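Undergrad: Just entry-v1.cif, nothing more (mmCIF, C-alpha atoms):
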data_entry
#
loop_
_atom_site.label_atom_id
_atom_site.label_comp_id
_atom_site.auth_asym_id
_atom_site.auth_seq_id
_atom_site.Cartn_x
_atom_site.Cartn_y
_atom_site.Cartn_z
CA MET Q 603 -46.22 61.30 -10.92
CA GLU Q 604 -44.93 58.63 -13.26
CA CYS Q 605 -41.34 57.85 -14.20
CA SER Q 606 -40.08 58.65 -17.66
CA CYS Q 607 -38.30 55.32 -18.10
CA SER Q 608 -39.72 52.56 -20.27
CA SER Q 609 -41.27 49.55 -18.60
CA LEU Q 610 -39.80 46.04 -18.91
CA LEU Q 611 -42.95 44.51 -17.46
CA SER Q 612 -46.45 45.88 -17.36
CA SER Q 613 -47.93 46.87 -14.02
CA ASN Q 614 -50.80 44.42 -14.57
CA SER Q 615 -48.43 41.49 -14.98
CA MET Q 616 -46.44 42.48 -11.91
CA GLU Q 617 -49.57 42.82 -9.80
CA THR Q 618 -50.65 39.36 -10.91
CA ILE Q 619 -47.27 37.87 -10.00
CA TYR Q 620 -47.11 39.32 -6.53
CA SER Q 621 -50.76 39.28 -5.54
CA THR Q 622 -50.32 35.61 -4.70
CA GLN Q 623 -47.28 36.21 -2.50
CA PHE Q 624 -48.33 39.11 -0.29
CA SER Q 625 -51.52 40.00 1.49
CA SER Q 626 -51.02 43.66 0.65
CA PHE Q 627 -48.91 45.06 -2.14
CA LYS Q 628 -48.38 48.81 -2.35
CA PRO Q 629 -45.39 50.03 -4.34
CA LEU Q 630 -43.63 53.20 -3.31
CA PHE Q 631 -42.54 53.56 -6.95
CA ASP Q 632 -44.64 53.36 -10.02
CA LEU Q 633 -43.99 49.95 -11.56
CA LYS Q 634 -42.60 51.65 -14.63
CA SER Q 635 -39.37 52.22 -12.69
CA ILE Q 636 -38.07 48.67 -13.13
CA PRO Q 637 -34.30 48.84 -13.73
CA LYS Q 638 -32.61 48.71 -17.08
CA LEU Q 639 -29.69 46.29 -17.02
CA THR Q 640 -26.25 47.11 -18.29
CA SER Q 641 -24.03 44.91 -20.40
CA PHE Q 642 -22.78 41.63 -18.92
CA LYS Q 643 -19.03 41.74 -18.31
CA GLY Q 644 -17.97 39.24 -15.72
CA ILE Q 645 -19.60 40.73 -12.64
CA SER Q 646 -23.13 40.98 -11.36
CA ALA Q 647 -25.29 43.03 -13.66
CA LYS Q 648 -25.57 46.58 -12.43
CA ALA Q 649 -28.86 48.40 -12.51
CA SER Q 650 -29.64 52.00 -13.29
CA TYR Q 651 -32.87 53.92 -13.22
CA ASP Q 652 -34.22 56.82 -15.17
CA THR Q 653 -35.15 59.82 -13.10
CA CYS Q 654 -38.53 59.36 -11.49
CA VAL Q 655 -40.54 61.01 -8.77
CA ARG Q 656 -41.37 58.89 -5.72
CA LYS Q 657 -44.90 58.75 -4.47
CA LYS Q 658 -45.84 61.02 -1.65
CA GLY Q 659 -45.48 59.82 1.92
CA LEU Q 660 -41.86 58.58 1.70
CA SER Q 661 -39.70 60.20 4.38
CA SER Q 662 -36.15 61.43 3.76
CA ILE Q 663 -34.87 58.66 6.06
CA ASP Q 664 -36.64 56.07 3.98
CA GLU Q 665 -35.22 57.62 0.84
CA GLN Q 666 -31.71 57.16 2.16
CA LYS Q 667 -32.40 53.46 2.60
CA LEU Q 668 -33.19 53.08 -1.07
CA GLY Q 669 -30.32 51.85 -3.24
CA ALA Q 670 -29.95 52.07 -7.00
CA ALA Q 671 -30.12 48.27 -7.31
CA ASP Q 672 -33.30 47.67 -5.27
CA LEU Q 673 -36.82 49.00 -5.15
CA VAL Q 674 -38.58 49.10 -1.81
CA TYR Q 675 -42.21 48.23 -1.24
CA HIS Q 676 -44.75 48.55 1.51
CA VAL Q 677 -45.51 45.01 2.67
CA ASN Q 678 -48.03 44.84 5.48
CA GLY Q 679 -47.36 48.48 6.21
CA LYS Q 680 -43.57 48.14 6.52
CA ILE Q 681 -40.72 49.09 4.22
CA ASN Q 682 -38.98 45.93 2.97
CA PRO Q 683 -36.32 45.16 0.34
CA SER Q 684 -37.79 44.62 -3.07
CA TYR Q 685 -39.18 41.20 -3.86
CA LEU Q 686 -39.49 42.44 -7.39
CA THR Q 687 -35.80 42.79 -8.23
CA ARG Q 688 -34.58 39.84 -6.17
CA ASP Q 689 -35.19 37.35 -8.98
CA LEU Q 690 -34.82 39.83 -11.85
CA ARG Q 691 -31.03 39.80 -11.78
CA ILE Q 692 -28.60 38.46 -14.34
CA LEU Q 693 -26.54 35.45 -13.33
CA ASP Q 694 -22.88 36.28 -12.73
CA GLY Q 695 -20.46 35.32 -15.47
CA PHE Q 696 -18.26 36.68 -18.19
CA ASP Q 697 -18.10 36.95 -21.97
CA ASP Q 698 -16.11 34.38 -23.89
CA GLU Q 699 -14.02 35.25 -26.94
CA TYR Q 700 -16.65 33.93 -29.36
CA GLY Q 701 -19.51 36.21 -28.35
CA GLY Q 702 -20.97 33.83 -25.80
CA VAL Q 703 -21.40 33.79 -22.05
CA ILE Q 704 -19.79 31.57 -19.40
CA VAL Q 705 -21.87 31.54 -16.22
CA ASP Q 706 -19.90 31.73 -12.98
CA SER Q 707 -20.56 28.36 -11.34
CA GLU Q 708 -19.29 29.57 -7.95
CA ARG Q 709 -21.91 32.32 -7.68
CA LEU Q 710 -25.07 30.43 -8.51
CA PRO Q 711 -28.09 30.81 -6.22
CA ALA Q 712 -28.79 27.74 -4.10
CA ASN Q 713 -32.57 28.02 -4.26
CA PRO Q 714 -33.96 26.31 -7.40
CA ASN Q 715 -36.88 28.74 -7.64
CA VAL Q 716 -34.62 31.78 -7.47
CA PHE Q 717 -32.27 30.15 -9.97
CA ALA Q 718 -35.17 29.48 -12.35
CA SER Q 719 -36.26 33.12 -12.30
CA MET Q 720 -32.73 34.47 -12.68
CA LEU Q 721 -31.91 32.02 -15.46
CA ARG Q 722 -35.06 32.91 -17.40
CA PHE Q 723 -34.36 36.62 -17.02
CA SER Q 724 -30.68 36.17 -17.94
CA VAL Q 725 -31.46 34.25 -21.12
CA SER Q 726 -33.85 36.98 -22.22
CA HIS Q 727 -31.24 39.64 -21.49
CA TRP Q 728 -28.49 37.80 -23.38
CA LYS Q 729 -30.77 37.30 -26.35
CA ALA Q 730 -31.42 41.03 -26.41
CA LYS Q 731 -27.66 41.59 -26.30
CA GLU Q 732 -27.28 39.20 -29.28
CA LYS Q 733 -25.05 36.80 -27.38
CA LYS Q 734 -24.48 33.40 -28.94
CA GLY Q 735 -23.82 30.39 -26.74
CA ILE Q 736 -24.29 30.03 -22.97
CA TRP Q 737 -22.07 27.67 -20.97
CA LEU Q 738 -23.58 26.63 -17.66
CA LYS Q 739 -21.43 24.47 -15.37
CA LEU Q 740 -23.36 22.95 -12.47
CA PRO Q 741 -21.28 21.33 -9.71
CA VAL Q 742 -22.45 18.16 -7.95
CA GLU Q 743 -23.52 20.05 -4.85
CA LYS Q 744 -26.00 22.02 -6.97
CA SER Q 745 -27.28 19.11 -9.05
CA ASP Q 746 -30.85 20.02 -8.15
CA LEU Q 747 -30.48 22.95 -10.55
CA VAL Q 748 -29.94 20.63 -13.52
CA PRO Q 749 -33.64 19.84 -14.20
CA VAL Q 750 -34.43 23.55 -13.86
CA ALA Q 751 -31.96 24.43 -16.61
CA VAL Q 752 -33.06 21.54 -18.85
CA LYS Q 753 -36.68 22.63 -18.50
CA GLN Q 754 -35.67 26.07 -19.78
CA GLY Q 755 -34.05 24.63 -22.89
CA PHE Q 756 -30.47 23.92 -21.85
CA GLU Q 757 -28.87 20.76 -23.28
CA TYR Q 758 -26.33 18.37 -21.81
CA HIS Q 759 -22.84 18.91 -23.22
CA HIS Q 760 -20.63 16.69 -21.07
CA ALA Q 761 -20.13 15.53 -17.50
CA GLU Q 762 -17.09 14.95 -15.32
CA LYS Q 763 -16.74 13.54 -11.83
CA GLY Q 764 -17.57 16.82 -10.13
CA TYR Q 765 -19.92 18.63 -12.51
CA VAL Q 766 -22.22 18.58 -15.50
CA MET Q 767 -21.87 21.12 -18.32
CA LEU Q 768 -24.98 22.39 -20.10
CA THR Q 769 -25.27 24.72 -23.07
CA TYR Q 770 -27.85 26.94 -24.74
CA TRP Q 771 -27.53 28.26 -28.29
CA LEU Q 772 -29.33 31.61 -28.54
CA PRO Q 773 -29.38 32.51 -32.27
CA GLU Q 774 -31.79 30.95 -34.73
CA GLY Q 775 -30.55 27.86 -36.55
CA PRO Q 776 -28.40 24.90 -35.54
CA SER Q 777 -25.97 25.27 -32.64
CA MET Q 778 -22.42 26.22 -33.60
CA LEU Q 779 -20.98 25.37 -30.19
CA PRO Q 780 -18.16 22.80 -30.28
CA ALA Q 781 -19.18 19.27 -29.36
CA ASN Q 782 -17.81 17.39 -26.39
CA ALA Q 783 -14.33 15.88 -26.71
CA SER Q 784 -14.57 12.94 -29.10
CA HIS Q 785 -11.22 11.27 -28.38
CA GLN Q 786 -9.23 9.99 -25.46
CA VAL Q 787 -5.45 9.98 -25.81
CA GLY Q 788 -3.22 7.15 -24.66
CA VAL Q 789 0.54 6.71 -24.67
CA GLY Q 790 2.94 3.80 -24.56
CA GLY Q 791 6.60 4.01 -23.60
CA PHE Q 792 9.10 1.85 -25.51
CA VAL Q 793 12.15 1.92 -23.25
CA VAL Q 794 15.34 0.07 -24.28
CA ASN Q 795 18.56 0.16 -22.25
CA ASP Q 796 22.14 -0.08 -23.49
CA LYS Q 797 22.00 -3.87 -23.12
CA ASN Q 798 19.29 -4.10 -25.76
CA GLU Q 799 16.70 -4.97 -23.10
CA VAL Q 800 13.19 -3.58 -23.15
CA LEU Q 801 11.20 -2.46 -20.11
CA VAL Q 802 8.02 -4.57 -19.97
CA VAL Q 803 5.14 -5.13 -17.56
CA GLN Q 804 2.19 -7.43 -17.02
CA GLU Q 805 -1.06 -5.72 -16.17
CA LYS Q 806 -2.88 -6.83 -13.04
CA HIS Q 807 -6.33 -6.31 -14.58
CA CYS Q 808 -6.66 -7.41 -18.20
CA ALA Q 809 -8.77 -9.50 -20.57
CA PRO Q 810 -8.26 -13.28 -20.37
CA SER Q 811 -6.55 -13.29 -23.76
CA PHE Q 812 -3.85 -10.93 -22.41
CA VAL Q 813 -2.97 -12.95 -19.31
CA GLY Q 814 0.76 -13.62 -19.26
CA LEU Q 815 1.54 -11.06 -21.94
CA TRP Q 816 4.57 -8.85 -21.40
CA LYS Q 817 3.91 -5.38 -22.78
CA ILE Q 818 5.31 -1.88 -22.72
CA PRO Q 819 3.98 0.52 -20.01
CA THR Q 820 0.87 2.35 -21.23
CA GLY Q 821 -1.76 4.77 -19.93
CA PHE Q 822 -3.85 7.85 -20.66
CA ILE Q 823 -2.53 11.39 -20.59
CA ASP Q 824 -4.03 13.82 -18.10
CA GLU Q 825 -6.02 16.92 -18.97
CA SER Q 826 -3.80 19.68 -20.41
CA GLU Q 827 -0.82 17.31 -20.45
CA GLU Q 828 1.54 17.03 -23.40
CA ILE Q 829 1.93 13.67 -25.12
CA TYR Q 830 5.65 13.47 -24.43
CA ALA Q 831 5.16 14.42 -20.77
CA GLY Q 832 2.39 11.85 -20.37
CA ALA Q 833 4.59 9.06 -21.70
CA VAL Q 834 7.40 9.92 -19.28
CA ARG Q 835 4.97 10.18 -16.37
CA GLU Q 836 3.23 6.87 -17.10
CA VAL Q 837 6.51 4.95 -17.22
CA LYS Q 838 7.60 6.58 -13.97
CA GLU Q 839 4.30 5.82 -12.21
CA GLU Q 840 4.12 2.21 -13.33
CA THR Q 841 7.76 1.17 -13.03
CA GLY Q 842 9.67 3.88 -11.16
CA ILE Q 843 12.03 4.29 -14.13
CA ASP Q 844 13.04 7.85 -15.03
CA THR Q 845 13.17 8.42 -18.78
CA GLU Q 846 13.79 11.05 -21.41
CA PHE Q 847 11.42 11.43 -24.33
CA LEU Q 848 13.00 10.87 -27.74
CA GLU Q 849 10.33 10.51 -30.42
CA VAL Q 850 6.82 9.49 -31.32
CA VAL Q 851 7.42 6.51 -33.58
CA ALA Q 852 3.81 5.69 -34.49
CA PHE Q 853 0.22 6.22 -33.42
CA ARG Q 854 -2.98 4.21 -33.69
CA HIS Q 855 -6.52 5.48 -34.22
CA VAL Q 856 -9.44 3.23 -33.20
CA HIS Q 857 -13.15 3.77 -32.52
CA ASN Q 858 -15.22 2.46 -29.62
CA VAL Q 859 -18.79 2.13 -30.81
CA ALA Q 860 -20.17 1.24 -27.37
CA PHE Q 861 -18.97 4.51 -25.80
CA GLU Q 862 -19.33 6.60 -28.98
CA LYS Q 863 -15.75 7.77 -28.55
CA SER Q 864 -12.47 7.33 -30.41
CA ASP Q 865 -9.02 6.51 -29.13
CA LEU Q 866 -5.64 7.88 -30.18
CA PHE Q 867 -2.66 5.89 -28.93
CA PHE Q 868 0.90 7.23 -29.35
CA ILE Q 869 3.92 4.89 -29.15
CA CYS Q 870 6.85 6.86 -27.79
CA MET Q 871 10.54 5.97 -27.81
CA LEU Q 872 12.08 6.81 -24.43
CA LYS Q 873 15.64 6.73 -23.15
CA PRO Q 874 16.07 5.24 -19.64
CA LEU Q 875 17.78 7.45 -17.06
CA SER Q 876 17.61 4.89 -14.26
CA THR Q 877 17.45 1.09 -14.02
CA ARG Q 878 15.82 0.11 -10.74
CA ILE Q 879 12.16 -0.81 -11.08
CA ILE Q 880 9.66 0.25 -8.42
CA VAL Q 881 6.33 -1.42 -9.18
CA ASP Q 882 2.94 0.24 -8.80
CA VAL Q 883 1.15 -2.65 -7.06
CA HIS Q 884 -2.26 -1.20 -7.91
CA GLU Q 885 -1.72 -1.49 -11.66
CA ILE Q 886 1.08 -3.90 -12.48
CA GLN Q 887 1.12 -7.63 -11.77
CA ALA Q 888 4.87 -8.07 -12.31
CA ALA Q 889 7.81 -6.40 -13.98
CA LYS Q 890 11.04 -7.50 -15.55
CA GLY Q 891 13.85 -5.82 -13.64
CA CYS Q 892 15.03 -5.26 -10.09
CA VAL Q 893 12.05 -4.57 -7.82
CA ILE Q 894 11.68 -3.52 -4.20
CA THR Q 895 11.43 -6.62 -1.99
CA ASN Q 896 8.88 -5.19 0.46
CA LEU Q 897 6.32 -5.07 -2.34
CA GLY Q 898 6.45 -8.87 -2.61
CA TYR Q 899 8.11 -9.12 -6.01
CA GLN Q 900 11.34 -10.96 -6.85
CA CYS Q 901 14.27 -9.29 -8.62
CA MET Q 902 14.39 -9.72 -12.38
CA GLN Q 903 16.41 -8.30 -15.22
CA TRP Q 904 14.95 -6.34 -18.07
CA MET Q 905 13.57 -8.61 -20.79
CA PRO Q 906 15.87 -9.14 -23.77
CA LEU Q 907 14.38 -7.53 -26.85
CA ILE Q 908 14.45 -10.76 -28.84
CA GLU Q 909 12.54 -12.58 -26.09
CA PHE Q 910 9.97 -9.81 -26.00
CA VAL Q 911 9.47 -9.92 -29.78
CA GLU Q 912 9.10 -13.72 -29.88
CA GLN Q 913 6.05 -13.79 -27.61
CA PRO Q 914 3.30 -15.73 -29.45
CA PHE Q 915 0.73 -12.98 -28.98
CA ILE Q 916 2.96 -10.38 -30.64
CA GLN Q 917 3.91 -12.71 -33.49
CA GLN Q 918 0.25 -13.49 -34.18
CA ASP Q 919 -1.03 -9.91 -33.99
CA SER Q 920 -0.24 -7.87 -37.09
CA MET Q 921 -0.54 -4.48 -35.40
CA PHE Q 922 1.60 -5.37 -32.38
CA LYS Q 923 4.19 -6.92 -34.62
CA LYS Q 924 4.28 -3.87 -36.88
CA VAL Q 925 4.75 -1.53 -33.91
CA ILE Q 926 7.67 -3.61 -32.63
CA ASP Q 927 9.19 -3.72 -36.14
CA ILE Q 928 9.03 0.08 -36.29
CA CYS Q 929 10.68 0.43 -32.88
CA ILE Q 930 13.46 -1.98 -33.88
CA ALA Q 931 13.99 -0.07 -37.13
CA ARG Q 932 14.26 3.14 -35.09
CA LEU Q 933 16.90 1.53 -32.86
CA GLY Q 934 18.85 0.52 -35.97
CA GLY Q 935 18.76 3.99 -37.47
CA CYS Q 936 16.50 2.89 -40.34
CA TYR Q 937 13.51 4.90 -39.24
CA CYS Q 938 12.98 8.45 -38.06
CA GLY Q 939 10.14 9.30 -35.68
CA LEU Q 940 8.61 12.63 -34.69
CA SER Q 941 10.53 14.70 -32.17
CA VAL Q 942 9.21 17.56 -30.03
CA HIS Q 943 9.55 21.20 -31.08
CA GLN Q 944 8.12 24.22 -29.26
CA LEU Q 945 6.92 26.91 -31.65
CA ALA Q 946 4.91 30.09 -31.21
CA SER Q 947 2.07 30.97 -33.56
CA ARG Q 948 0.76 34.42 -34.38
CA PHE Q 949 -2.64 32.83 -34.92
CA ASP Q 950 -3.35 32.55 -31.19
CA GLY Q 951 -0.20 34.06 -29.66
CA LYS Q 952 0.57 30.83 -27.81
CA THR Q 953 3.49 28.43 -27.79
CA SER Q 954 2.50 24.97 -29.01
CA THR Q 955 4.16 21.60 -29.37
CA LEU Q 956 4.75 20.48 -32.93
CA TYR Q 957 5.90 16.93 -33.65
CA TYR Q 958 7.98 16.37 -36.80
CA ASN Q 959 11.09 14.51 -37.89
CA CYS Q 960 14.47 16.04 -38.60
CA ILE Q 961 16.95 14.20 -40.82
CA ASP Q 962 20.53 15.35 -40.42
CA ASN Q 963 22.27 16.20 -43.68
#
When written as structure tokens, how does the structure in this file appear?
TA:
Amino acid sequence: MECSCSSLLSSNSMETIYSTQFSSFKPLFDLKSIPKLTSFKGISAKASYDTCVRKKGLSSIDEQKLGAADLVYHVNGKINPSYLTRDLRILDGFDDEYGGVIVDSERLPANPNVFASMLRFSVSHWKAKEKKGIWLKLPVEKSDLVPVAVKQGFEYHHAEKGYVMLTYWLPEGPSMLPANASHQVGVGGFVVNDKNEVLVVQEKHCAPSFVGLWKIPTGFIDESEEIYAGAVREVKEETGIDTEFLEVVAFRHVHNVAFEKSDLFFICMLKPLSTRIIVDVHEIQAAKGCVITNLGYQCMQWMPLIEFVEQPFIQQDSMFKKVIDICIARLGGCYCGLSVHQLASRFDGKTSTLYYNCIDN
């Protein structure tokens, strides 16, 4: 007797697929009993079957071995787990808040052939469910799956040290998925003590034109790091000086054509909480201030602000000079930067950092 459920694949197509893999192929179920997959919600897709009558000759013991998620076939006269459903499973993952799917990178099959079959079946299922974008993160240890995904239409989105991210836009028309991050964010800490001395460093690795230049400590913020926190951290890492964030006094926006990225650089006014400099020998060539002797640096005082400003490079560079002028104006109370304020928004229900100036009445 035949099952009442509708077929996902025709029996002819299934016989063609498996005739090349097994010397004998005799299903205990009619091929119309292929499972119907449930919605995709963060766990392996579950399977359910419409009521069907098994073919004669299946013992009650054999029936108990049959699970709802697998069909069983006679292969060379023996009952074996289904080779039919092994590759017709949906990849594990979960729905994102925009109607898309994020594939679980920790539960990917290791075999490229199995992955190819599951990915093809998953894409078809998600299309039927009217999902939008698919995010597929492939770690380095499974890099052999990358060409498989690309062959099935996935596109490169971005790559980091330990993975590559690929995407697939399911609806018709241009992809509406957000592009990769277009900017990197840098910070510089302008630290002036009560003696009107500024904390400056010389970078160990720099362009020839910057050799001998004394500059403020700078660096890039980490992922998910606030601008103000990044500025404090960079100064601490490079000089050992503890500071308190006061304000963002200016920021620069520049574009790097070679890397097709842009750069945002925030100049932050910081208040020193300590005075002893501990140099990061991997990054800094020298530092003005008192340094630890076992690092091979002599003790110095912080550089007087006037001496810092009068460096030829700063005087000849309009942007550097303007930044220093702004910082000096801030020290003199003639300029107000942007201070940090934590505010919650009903738009996303999260607390965010808003930078704005407050002028006392």
Undergrad: Would you kindly translate the PyMOL selection byres ((chain Q and resi 814) around 10) into the concrete residues it picks from this file, as a list in words?
TA: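 Listing what the PyMOL selection byres ((chain Q and resi 814) around 10) selects in the shown file: Val803, Gln804, Glu805, Lys806, Cys808, Pro810, Ser811, Phe812, Val813, Leu815, Trp816, Lys817, Gln887, Ala888, Gln913 and Phe915 of chain Q.
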Undergrad: Once you have the residues from the selection above, write them out as a PDB file, in the coordinates of the input, restricted to C-alpha atoms.
TA:
ATOM      1  CA  VAL Q 803       5.140  -5.130 -17.560  1.00  0.00           C
ATOM      2  CA  GLN Q 804       2.190  -7.430 -17.020  1.00  0.00           C
ATOM      3  CA  GLU Q 805      -1.060  -5.720 -16.170  1.00  0.00           C
ATOM      4  CA  LYS Q 806      -2.880  -6.830 -13.040  1.00  0.00           C
ATOM      5  CA  CYS Q 808      -6.660  -7.410 -18.200  1.00  0.00           C
ATOM      6  CA  PRO Q 810      -8.260 -13.280 -20.370  1.00  0.00           C
ATOM      7  CA  SER Q 811      -6.550 -13.290 -23.760  1.00  0.00           C
ATOM      8  CA  PHE Q 812      -3.850 -10.930 -22.410  1.00  0.00           C
ATOM      9  CA  VAL Q 813      -2.970 -12.950 -19.310  1.00  0.00           C
ATOM     10  CA  LEU Q 815       1.540 -11.060 -21.940  1.00  0.00           C
ATOM     11  CA  TRP Q 816       4.570  -8.850 -21.400  1.00  0.00           C
ATOM     12  CA  LYS Q 817       3.910  -5.380 -22.780  1.00  0.00           C
ATOM     13  CA  GLN Q 887       1.120  -7.630 -11.770  1.00  0.00           C
ATOM     14  CA  ALA Q 888       4.870  -8.070 -12.310  1.00  0.00           C
ATOM     15  CA  GLN Q 913       6.050 -13.790 -27.610  1.00  0.00           C
ATOM     16  CA  PHE Q 915       0.730 -12.980 -28.980  1.00  0.00           C
TER      17      PHE Q 915
END
Undergrad: Starting from the PyMOL selection byres ((chain Q and resi 825) around 12), expand the selection into actual residues of this file and give them as a PDB file with C-alpha atoms, keeping the file's coordinate frame.
TA:
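After the write, selection_15.pdb holds the following:
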ATOM      1  CA  GLU Q 762     -17.090  14.950 -15.320  1.00  0.00           C
ATOM      2  CA  ALA Q 783     -14.330  15.880 -26.710  1.00  0.00           C
ATOM      3  CA  GLN Q 786      -9.230   9.990 -25.460  1.00  0.00           C
ATOM      4  CA  VAL Q 787      -5.450   9.980 -25.810  1.00  0.00           C
ATOM      5  CA  GLY Q 788      -3.220   7.150 -24.660  1.00  0.00           C
ATOM      6  CA  PHE Q 822      -3.850   7.850 -20.660  1.00  0.00           C
ATOM      7  CA  ILE Q 823      -2.530  11.390 -20.590  1.00  0.00           C
ATOM      8  CA  ASP Q 824      -4.030  13.820 -18.100  1.00  0.00           C
ATOM      9  CA  SER Q 826      -3.800  19.680 -20.410  1.00  0.00           C
ATOM     10  CA  GLU Q 827      -0.820  17.310 -20.450  1.00  0.00           C
ATOM     11  CA  GLU Q 828       1.540  17.030 -23.400  1.00  0.00           C
ATOM     12  CA  ILE Q 829       1.930  13.670 -25.120  1.00  0.00           C
ATOM     13  CA  ALA Q 831       5.160  14.420 -20.770  1.00  0.00           C
ATOM     14  CA  GLY Q 832       2.390  11.850 -20.370  1.00  0.00           C
TER      15      GLY Q 832
END
Undergrad: What residues come out when you apply the PyMOL selection byres ((chain Q and resi 696-701) around 12) to this file, written as number ranges by chain?
TA: Q: 641-647, 692-695, 702-707, 709, 728-729, 731-738, 771-773, 778-780, 950
Undergrad: Nearest to Asn858 in chain Q among Q:Ile880, Q:Val837, Q:Glu774, Q:His785, with distances taken over only C-alpha atoms: which residue is it?
TA: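 That would be Q:His785, the residue with the smallest distance to Asn858 in chain Q.
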Undergrad: What is the CA of Glu846 in chain Q-CA of Asn959 in chain Q distance in Å, reported with one decimal?
TA: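 These atoms are spaced 17.1 Å apart.
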Undergrad: In Å to one decimal, how far is CA of Arg932 in chain Q from CA of Pro874 in chain Q?
TA: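 Computing it gives 15.7 Å between the two atoms.
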Undergrad: Of the candidates Q:Gly939, Q:Gly755, Q:Gly791, Q:Gly764, which one gets nearest to Pro819 in chain Q if we count only C-alpha atoms?
TA: Q:Gly791
Undergrad: To one decimal in Å, tell me the separation between CA of Ile869 in chain Q and CA of Phe792 in chain Q.
TA: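 Distance reported for this atom pair: 7.0 Å.
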Undergrad: Got a sec to check which residues sit within 12 Å of (12.0, -4.0, -32.1), counting all atoms listed in the file, and write them as a VMD selection string?
TA: chain Q and resid 792 to 794 798 to 800 818 851 871 906 to 912 916 to 917 922 to 937
Undergrad: Kindly list the centre and edge lengths in Å, rounded to one decimal, for the axis-aligned box that covers all listed atoms of range 803-817 of chain Q plus 3 Å on each of its six sides, as JSON.
TA:
{"center_x": -1.8, "center_y": -9.4, "center_z": -18.4, "size_x": 19.9, "size_y": 14.5, "size_z": 16.7}
Undergrad: Fewer than 3 positions away in the same chain doesn't count, so skip those; otherwise give me all residues within 10 Å of Lys744 in chain Q, counting only C-alpha atoms, as a ChimeraX atom specification.
TA: /Q:707,710-714,739-741,747-748,765-766
